[in-house]
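Structure data follow from my_file34.pdb (PDB, C-alpha atoms):
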ATOM      1  CA  MET A   1     -60.852 -33.082   5.008
ATOM      2  CA  VAL A   2     -57.472 -31.325   4.370
ATOM      3  CA  SER A   3     -54.442 -33.025   5.828
ATOM      4  CA  ASN A   4     -51.791 -30.953   7.642
ATOM      5  CA  PHE A   5     -49.098 -33.373   6.561
ATOM      6  CA  HIS A   6     -46.705 -32.192   3.821
ATOM      7  CA  MET A   7     -44.054 -34.192   2.089
ATOM      8  CA  PRO A   8     -40.518 -32.837   2.704
ATOM      9  CA  PRO A   9     -38.872 -31.080  -0.249
ATOM     10  CA  MET A  10     -36.655 -33.143  -2.507
ATOM     11  CA  GLY A  11     -32.936 -33.040  -1.821
ATOM     12  CA  TYR A  12     -33.083 -32.986   1.979
ATOM     13  CA  GLY A  13     -32.680 -35.621   4.653
ATOM     14  CA  PRO A  14     -30.708 -38.872   4.923
ATOM     15  CA  GLY A  15     -29.836 -40.474   1.616
ATOM     16  CA  SER A  16     -30.463 -37.305  -0.394
ATOM     17  CA  GLN A  17     -26.738 -36.595  -0.993
ATOM     18  CA  PRO A  18     -24.294 -38.790  -2.893
ATOM     19  CA  PRO A  19     -22.101 -40.945  -0.647
ATOM     20  CA  GLU A  20     -18.588 -39.713   0.071
ATOM     21  CA  GLU A  21     -15.832 -41.666  -1.576
ATOM     22  CA  ASP A  22     -13.814 -43.665   0.909
ATOM     23  CA  GLY A  23     -10.437 -42.171   1.664
ATOM     24  CA  LYS A  24     -11.120 -38.862  -0.137
ATOM     25  CA  GLU A  25     -10.366 -35.766   1.934
ATOM     26  CA  LEU A  26     -11.732 -32.289   1.560
ATOM     27  CA  GLU A  27      -9.476 -29.968  -0.442
ATOM     28  CA  TYR A  28      -9.098 -26.399   0.784
ATOM     29  CA  MET A  29      -7.797 -23.362  -1.024
ATOM     30  CA  PRO A  30      -4.201 -22.512  -0.111
ATOM     31  CA  MET A  31      -4.075 -20.031   2.749
ATOM     32  CA  PRO A  32      -1.883 -16.922   2.609
ATOM     33  CA  GLN A  33       1.683 -17.462   3.716
ATOM     34  CA  ASP A  34       4.753 -15.456   4.744
ATOM     35  CA  MET A  35       3.120 -12.587   6.614
ATOM     36  CA  ARG A  36       5.880 -10.332   7.882
ATOM     37  CA  SER A  37       6.105  -9.355  11.514
ATOM     38  CA  TYR A  38       8.598  -7.235  13.424
ATOM     39  CA  SER A  39      11.301  -8.888  15.502
ATOM     40  CA  LEU A  40      14.231  -7.200  17.203
ATOM     41  CA  HIS A  41      17.411  -7.535  15.169
ATOM     42  CA  VAL A  42      20.736  -6.433  16.648
ATOM     43  CA  PRO A  43      23.204  -5.531  13.876
ATOM     44  CA  GLU A  44      26.825  -6.573  13.980
ATOM     45  CA  VAL A  45      29.007  -3.595  14.875
ATOM     46  CA  GLU A  46      32.533  -3.080  13.558
ATOM     47  CA  GLY A  47      34.732  -0.044  14.087
ATOM     48  CA  ASP A  48      33.656   3.392  15.247
ATOM     49  CA  VAL A  49      29.907   3.693  14.641
ATOM     50  CA  SER A  50      29.256   6.715  16.827
ATOM     51  CA  SER A  51      27.956   8.724  13.848
ATOM     52  CA  GLY A  52      25.486   5.966  12.999
ATOM     53  CA  LEU A  53      24.272   5.737  16.580
ATOM     54  CA  ASP A  54      23.812   9.510  16.694
ATOM     55  CA  LEU A  55      21.762   9.280  13.523
ATOM     56  CA  LEU A  56      19.603   6.484  14.967
ATOM     57  CA  GLU A  57      18.998   8.674  18.016
ATOM     58  CA  GLN A  58      17.858  11.479  15.726
ATOM     59  CA  MET A  59      15.546   9.066  13.876
ATOM     60  CA  SER A  60      13.949   7.922  17.127
ATOM     61  CA  LYS A  61      13.319  11.481  18.283
ATOM     62  CA  ALA A  62      11.988  12.452  14.833
ATOM     63  CA  CYS A  63       9.562   9.487  14.906
ATOM     64  CA  ASP A  64       8.257  10.713  18.249
ATOM     65  CA  ARG A  65       7.801  14.284  17.000
ATOM     66  CA  VAL A  66       6.015  13.219  13.812
ATOM     67  CA  ALA A  67       3.800  10.806  15.777
ATOM     68  CA  ARG A  68       2.683  13.805  17.846
ATOM     69  CA  GLY A  69       1.617  15.692  14.732
ATOM     70  CA  GLY A  70       4.897  17.188  13.529
ATOM     71  CA  ALA A  71       5.888  17.606   9.892
ATOM     72  CA  ASN A  72       8.040  15.091   8.012
ATOM     73  CA  GLU A  73      11.763  15.240   8.802
ATOM     74  CA  ILE A  74      14.676  14.321   6.520
ATOM     75  CA  LEU A  75      18.110  13.124   7.701
ATOM     76  CA  ASP A  76      21.034  13.141   5.264
ATOM     77  CA  LEU A  77      23.110   9.946   4.949
ATOM     78  CA  SER A  78      25.639  11.103   2.371
ATOM     79  CA  GLY A  79      28.336  11.932   4.937
ATOM     80  CA  LEU A  80      28.480   8.484   6.549
ATOM     81  CA  ASN A  81      31.553   6.306   6.156
ATOM     82  CA  LYS A  82      31.435   2.600   5.276
ATOM     83  CA  GLU A  83      31.062   1.290   8.840
ATOM     84  CA  ASN A  84      28.319   3.710   9.842
ATOM     85  CA  ARG A  85      26.447   3.219   6.601
ATOM     86  CA  ALA A  86      26.521  -0.538   7.145
ATOM     87  CA  LEU A  87      25.129  -0.052  10.646
ATOM     88  CA  ILE A  88      22.236   2.076   9.348
ATOM     89  CA  ALA A  89      21.484  -0.301   6.468
ATOM     90  CA  GLU A  90      21.439  -3.398   8.680
ATOM     91  CA  THR A  91      19.420  -1.706  11.419
ATOM     92  CA  LEU A  92      16.746  -0.299   9.113
ATOM     93  CA  GLY A  93      16.343  -3.385   6.911
ATOM     94  CA  GLU A  94      13.455  -3.527   4.456
ATOM     95  CA  GLY A  95       9.763  -3.184   5.300
ATOM     96  CA  GLU A  96       6.586  -3.844   3.345
ATOM     97  CA  VAL A  97       5.991  -0.601   1.432
ATOM     98  CA  SER A  98       7.971   0.806  -1.490
ATOM     99  CA  VAL A  99       7.303   3.971  -3.487
ATOM    100  CA  ARG A 100       8.464   5.064  -6.936
ATOM    101  CA  MET A 101       8.301   8.801  -7.579
ATOM    102  CA  HIS A 102       8.865   9.710 -11.217
ATOM    103  CA  GLY A 103      10.161  13.098 -12.239
ATOM    104  CA  ILE A 104      13.486  14.918 -12.047
ATOM    105  CA  PRO A 105      15.176  13.472 -10.151
ATOM    106  CA  ALA A 106      13.376  10.155 -10.013
ATOM    107  CA  VAL A 107      13.392   8.943  -6.414
ATOM    108  CA  ALA A 108      12.724   5.504  -4.921
ATOM    109  CA  ALA A 109      11.607   5.174  -1.304
ATOM    110  CA  GLN A 110      11.703   1.944   0.683
ATOM    111  CA  GLU A 111      10.079   1.752   4.088
ATOM    112  CA  SER A 112      12.348   0.212   6.708
ATOM    113  CA  VAL A 113      11.299  -2.385   9.260
ATOM    114  CA  PHE A 114      10.361   0.624  11.379
ATOM    115  CA  ALA A 115       7.041   1.953  10.059
ATOM    116  CA  GLY A 116       7.278   5.544   8.905
ATOM    117  CA  VAL A 117      11.077   5.459   8.436
ATOM    118  CA  TRP A 118      11.788   5.696   4.686
ATOM    119  CA  CYS A 119      15.101   5.239   2.853
ATOM    120  CA  LEU A 120      15.277   7.599  -0.147
ATOM    121  CA  ARG A 121      17.522   6.919  -3.146
ATOM    122  CA  GLY A 122      18.005   8.907  -6.342
ATOM    123  CA  VAL A 123      20.451  11.182  -8.145
ATOM    124  CA  ASP A 124      21.967  13.362  -5.405
ATOM    125  CA  VAL A 125      19.411  11.906  -2.971
ATOM    126  CA  ASP A 126      20.696   9.730  -0.124
ATOM    127  CA  ALA A 127      18.574  10.237   2.959
ATOM    128  CA  VAL A 128      16.096   8.891   5.475
ATOM    129  CA  GLU A 129      12.699  10.553   5.770
ATOM    130  CA  ILE A 130      10.463  10.226   8.800
ATOM    131  CA  GLY A 131       6.736  10.539   8.167
ATOM    132  CA  PRO A 132       3.535   8.698   7.214
ATOM    133  CA  ILE A 133       4.681   8.773   3.552
ATOM    134  CA  PRO A 134       7.509  10.659   1.827
ATOM    135  CA  GLN A 135       6.373  14.231   1.160
ATOM    136  CA  MET A 136       7.474  13.951  -2.449
ATOM    137  CA  ALA A 137       4.860  11.240  -3.004
ATOM    138  CA  LEU A 138       2.178  13.796  -2.165
ATOM    139  CA  ASP A 139       3.801  16.661  -4.058
ATOM    140  CA  ARG A 140       4.342  14.748  -7.302
ATOM    141  CA  ALA A 141       1.431  12.299  -7.242
ATOM    142  CA  PHE A 142      -0.738  13.832  -9.951
ATOM    143  CA  ASP A 143       1.970  15.317 -12.163
ATOM    144  CA  PRO A 144       0.788  13.600 -15.335
ATOM    145  CA  ARG A 145       3.034  11.182 -17.173
ATOM    146  CA  LYS A 146      -0.012  10.495 -19.335
ATOM    147  CA  PRO A 147      -2.623  13.287 -19.248
ATOM    148  CA  ALA A 148      -6.179  12.581 -18.155
ATOM    149  CA  LEU A 149      -8.254  12.876 -21.352
ATOM    150  CA  GLY A 150     -11.579  12.504 -19.554
ATOM    151  CA  ALA A 151     -14.612  12.199 -21.793
ATOM    152  CA  LEU A 152     -12.434  13.125 -24.800
ATOM    153  CA  ALA A 153     -10.717   9.725 -24.681
ATOM    154  CA  PRO A 154     -11.546   7.731 -27.838
ATOM    155  CA  LYS A 155     -14.165   5.080 -27.104
ATOM    156  CA  PRO A 156     -13.555   1.620 -28.522
ATOM    157  CA  ALA A 157     -16.406  -0.778 -29.170
ATOM    158  CA  GLY A 158     -17.659  -2.458 -26.012
ATOM    159  CA  VAL A 159     -17.534   0.548 -23.662
ATOM    160  CA  VAL A 160     -20.768   0.318 -21.654
ATOM    161  CA  ASN A 161     -20.652   1.483 -18.029
ATOM    162  CA  ALA A 162     -17.333   3.352 -17.885
ATOM    163  CA  PRO A 163     -18.685   6.799 -18.940
ATOM    164  CA  ALA A 164     -21.017   6.920 -15.917
ATOM    165  CA  LEU A 165     -18.141   5.972 -13.606
ATOM    166  CA  LEU A 166     -15.969   8.665 -15.169
ATOM    167  CA  VAL A 167     -18.591  11.339 -14.489
ATOM    168  CA  GLU A 168     -18.707  10.264 -10.836
ATOM    169  CA  LEU A 169     -14.908  10.305 -10.483
ATOM    170  CA  MET A 170     -14.540  13.689 -12.181
ATOM    171  CA  ASP A 171     -17.232  15.194  -9.969
ATOM    172  CA  LYS A 172     -15.628  13.895  -6.758
ATOM    173  CA  SER A 173     -12.215  15.054  -7.940
ATOM    174  CA  ALA A 174     -13.474  18.579  -8.671
ATOM    175  CA  SER A 175     -15.193  18.914  -5.281
ATOM    176  CA  PHE A 176     -12.403  17.299  -3.231
ATOM    177  CA  SER A 177     -11.204  18.849   0.003
ATOM    178  CA  ASP A 178      -9.065  17.485   2.838
ATOM    179  CA  GLN A 179     -12.233  17.308   4.947
ATOM    180  CA  ALA A 180     -14.102  15.250   2.334
ATOM    181  CA  GLU A 181     -14.905  11.623   3.129
ATOM    182  CA  LEU A 182     -13.128   8.879   1.248
ATOM    183  CA  HIS A 183     -15.014   8.022  -1.953
ATOM    184  CA  VAL A 184     -14.513   4.544  -3.415
ATOM    185  CA  ILE A 185     -15.724   3.004  -6.658
ATOM    186  CA  ASN A 186     -15.410  -0.766  -6.393
ATOM    187  CA  LEU A 187     -14.960  -2.126  -9.902
ATOM    188  CA  THR A 188     -14.960  -5.687  -8.561
ATOM    189  CA  LEU A 189     -18.628  -5.374  -7.568
ATOM    190  CA  LEU A 190     -19.781  -3.450 -10.646
ATOM    191  CA  PRO A 191     -20.631  -4.844 -14.089
ATOM    192  CA  HIS A 192     -18.032  -3.821 -16.641
ATOM    193  CA  THR A 193     -16.310  -4.995 -19.786
ATOM    194  CA  GLU A 194     -12.620  -5.135 -20.637
ATOM    195  CA  PRO A 195     -13.057  -2.139 -22.994
ATOM    196  CA  ASP A 196     -14.605  -0.289 -20.029
ATOM    197  CA  LEU A 197     -11.401  -0.758 -18.015
ATOM    198  CA  GLU A 198      -9.151   0.132 -20.935
ATOM    199  CA  TRP A 199     -11.132   3.310 -21.631
ATOM    200  CA  LEU A 200     -11.082   4.328 -17.957
ATOM    201  CA  ASP A 201      -7.296   3.902 -17.877
ATOM    202  CA  THR A 202      -6.977   6.229 -20.870
ATOM    203  CA  ALA A 203      -9.556   8.705 -19.569
ATOM    204  CA  MET A 204      -7.969   8.936 -16.098
ATOM    205  CA  GLY A 205      -4.389   9.146 -17.348
ATOM    206  CA  GLN A 206      -1.305   8.242 -15.331
ATOM    207  CA  GLY A 207       0.314  10.168 -12.499
ATOM    208  CA  SER A 208       3.897  10.105 -11.220
ATOM    209  CA  VAL A 209       3.676   7.944  -8.095
ATOM    210  CA  GLU A 210       3.373   4.183  -7.725
ATOM    211  CA  ILE A 211       3.199   2.387  -4.382
ATOM    212  CA  LEU A 212       3.513  -1.311  -3.591
ATOM    213  CA  SER A 213       2.460  -2.590  -0.178
ATOM    214  CA  ARG A 214       3.305  -6.223   0.555
ATOM    215  CA  GLY A 215       1.557  -8.283   3.214
ATOM    216  CA  TYR A 216      -0.461 -11.476   2.761
ATOM    217  CA  GLY A 217      -0.536 -10.429  -0.893
ATOM    218  CA  ASN A 218       0.221  -7.223  -2.762
ATOM    219  CA  CYS A 219      -1.590  -3.916  -2.811
ATOM    220  CA  ARG A 220      -0.642  -1.834  -5.841
ATOM    221  CA  ILE A 221      -1.534   1.843  -5.695
ATOM    222  CA  SER A 222      -1.123   4.151  -8.676
ATOM    223  CA  ALA A 223      -1.813   7.856  -8.957
ATOM    224  CA  THR A 224      -3.879   8.747 -11.995
ATOM    225  CA  GLY A 225      -3.475  11.934 -14.015
ATOM    226  CA  GLN A 226      -6.665  13.281 -12.426
ATOM    227  CA  ALA A 227      -6.168  15.111  -9.144
ATOM    228  CA  HIS A 228      -6.957  13.091  -5.993
ATOM    229  CA  VAL A 229      -7.910   9.916  -7.911
ATOM    230  CA  TRP A 230      -5.958   6.725  -7.151
ATOM    231  CA  ARG A 231      -6.221   3.214  -8.582
ATOM    232  CA  VAL A 232      -5.964   0.672  -5.741
ATOM    233  CA  GLN A 233      -5.683  -3.028  -6.569
ATOM    234  CA  PHE A 234      -5.364  -5.914  -4.104
ATOM    235  CA  PHE A 235      -3.832  -9.244  -5.152
ATOM    236  CA  ASN A 236      -3.793 -12.423  -3.097
ATOM    237  CA  SER A 237      -0.660 -14.451  -2.350
ATOM    238  CA  MET A 238      -0.994 -16.144  -5.753
ATOM    239  CA  ASP A 239      -1.036 -12.719  -7.470
ATOM    240  CA  VAL A 240      -4.697 -13.002  -8.474
ATOM    241  CA  LEU A 241      -6.591  -9.713  -8.531
ATOM    242  CA  ILE A 242      -9.252  -9.867  -5.799
ATOM    243  CA  LEU A 243     -10.227  -6.209  -5.371
ATOM    244  CA  ASP A 244     -10.022  -3.406  -7.931
ATOM    245  CA  THR A 245     -11.026   0.115  -6.913
ATOM    246  CA  PHE A 246     -10.680   3.818  -7.598
ATOM    247  CA  GLU A 247     -10.272   5.969  -4.487
ATOM    248  CA  VAL A 248     -10.768   9.724  -4.377
ATOM    249  CA  THR A 249      -8.611  10.821  -1.455
ATOM    250  CA  ARG A 250      -5.414  12.644  -0.540
ATOM    251  CA  LEU A 251      -3.608   9.298  -0.376
ATOM    252  CA  PRO A 252      -4.975   5.764   0.313
ATOM    253  CA  GLU A 253      -4.608   4.888   3.988
ATOM    254  CA  VAL A 254      -3.186   1.441   3.254
ATOM    255  CA  ALA A 255       0.108   3.128   2.263
ATOM    256  CA  LEU A 256       0.362   5.440   5.276
ATOM    257  CA  ALA A 257       2.174   4.846   8.554
ATOM    258  CA  ALA A 258      -0.218   5.756  11.373
ATOM    259  CA  PRO A 259       0.840   7.923  14.339
ATOM    260  CA  GLU A 260       0.753   4.809  16.528
ATOM    261  CA  ASP A 261       3.169   3.093  14.113
ATOM    262  CA  LEU A 262       5.586   6.009  14.296
ATOM    263  CA  ALA A 263       5.434   6.011  18.098
ATOM    264  CA  ASP A 264       6.228   2.276  18.084
ATOM    265  CA  SER A 265       9.140   2.915  15.706
ATOM    266  CA  ALA A 266      10.585   5.501  18.109
ATOM    267  CA  GLU A 267      10.594   2.919  20.909
ATOM    268  CA  ARG A 268      11.937   0.089  18.761
ATOM    269  CA  ILE A 269      14.872   2.132  17.479
ATOM    270  CA  GLN A 270      15.748   2.924  21.086
ATOM    271  CA  GLU A 271      15.640  -0.811  21.900
ATOM    272  CA  VAL A 272      18.107  -1.557  19.090
ATOM    273  CA  MET A 273      20.450   1.202  20.270
ATOM    274  CA  GLU A 274      20.386  -0.119  23.846
ATOM    275  CA  ALA A 275      21.164  -3.625  22.606
ATOM    276  CA  ILE A 276      24.144  -2.332  20.575
ATOM    277  CA  ARG A 277      25.563  -0.335  23.461
TER     278      ARG A 277
END
Could you rewrite the structure in this file as structure tokens?
Amino acid sequence: MVSNFHMPPMGYGPGSQPPEEDGKELEYMPMPQDMRSYSLHVPEVEGDVSSGLDLLEQMSKACDRVARGGANEILDLSGLNKENRALIAETLGEGEVSVRMHGIPAVAAQESVFAGVWCLRGVDVDAVEIGPIPQMALDRAFDPRKPALGALAPKPAGVVNAPALLVELMDKSASFSDQAELHVINLTLLPHTEPDLEWLDTAMGQGSVEILSRGYGNCRISATGQAHVWRVQFFNSMDVLILDTFEVTRLPEVALAAPEDLADSAERIQEVMEAIR
């Protein structure tokens, strides 16, 4: 006669686990800290700042127009005096996204606390641009600082899976259109060697735009020398790489101010102006 009784598997039930040490607490990984959030800041006003207030009014209206689908707008700051420049600088502050655009002239863009409002600095460049991203970042992105060598890049020992990834990236780059869906190659989930990554860097080259987005950690976005191909890397708050990807797109969305963000910026600038007045 066959019994229906089965012994339970080893390692389960009371007494199967080692006793906890008295007084020892569970240790958790550190959680992300210092997430930025918007809060209304009223700048200190000294002297005649009517020019600065007029400029803030123009920024608010430009944010509204761009949010509704309008093109980027640029406002010149070079004519402001000391008091009005101080008002603009204190009002705009510093947001989470910065952009370096290499070329002649090299231009740095820093997003303000108002999403989609960018402060531009460079030789003979002193302006504020309103838009999802400065237009120059799109125009210059794939101007090669280091050309994309593609399959002609010398292969060191240890290159295994990179050539197949390169073929995929080159194909998506060649067939790209603004209507194409985002294509992502997630290196974090794929088997690869260090020589694979080094060879891909050489094969894809280096473009002229670098973007840093700061939040819980850092997102570093670099244009390659191959059209429409971006390297997007996410780091946690301890600066450990947690996600490494190539994206074939016009520009990674993580760097863009959405229309809703621009609409919010229009309202928030108005709130600051009302508080000043």
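Minimum distance to Cys119 of chain A across A:Gly103, A:Gly93, A:Gly52, A:Pro147 (counting all atoms listed in the file) occurs at A:Gly93.
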Could you tell me which residues the PyMOL selection byres ((chain A and resi 137-143) around 12) returns for this structure, as a VMD selection string?
chain A and resid 72 98 to 109 118 120 129 131 to 136 144 to 148 173 204 to 211 221 to 231 249 to 252 255 to 256
Pick out the closest residue to Lys155 of chain A from this set: A:Thr202, A:Ser177, A:Ser60, A:Ser50. Count all atoms listed in the file.
A:Thr202
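For the pair atom CA of Glu96 of chain A and atom CA of Ala115 of chain A, the interatomic distance is 8.9 Å.
Minimum atom-to-atom distance to Leu152 of chain A, evaluated using all atoms listed in the file, belongs to A:Leu200 out of A:Leu200, A:Leu212, A:Ala174, A:Val117.
Atom CA of Asp239 of chain A is found 19.1 Å from atom CA of Leu189 of chain A.
Closest to Val184 of chain A among A:Asp196, A:Phe246, A:Leu169, A:Gly217 is A:Phe246, based on all atoms listed in the file.
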Applied to the shown file, which residues does the PyMOL selection byres ((chain A and resi 263) around 9) return, written as a VMD selection string?
chain A and resid 60 63 to 68 258 to 262 264 to 268
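Pairwise distance (atom CA of Pro156 of chain A, atom CA of Pro195 of chain A) equals 6.7 Å.
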List the residues sitting within 12 Å of (-16.1, 6.7, -14.3) in the file's frame, using all atoms listed in the file, as a ChimeraX atom specification.
/A:150-151,159-173,184-187,190,192,196-204,226,229,231,245-248
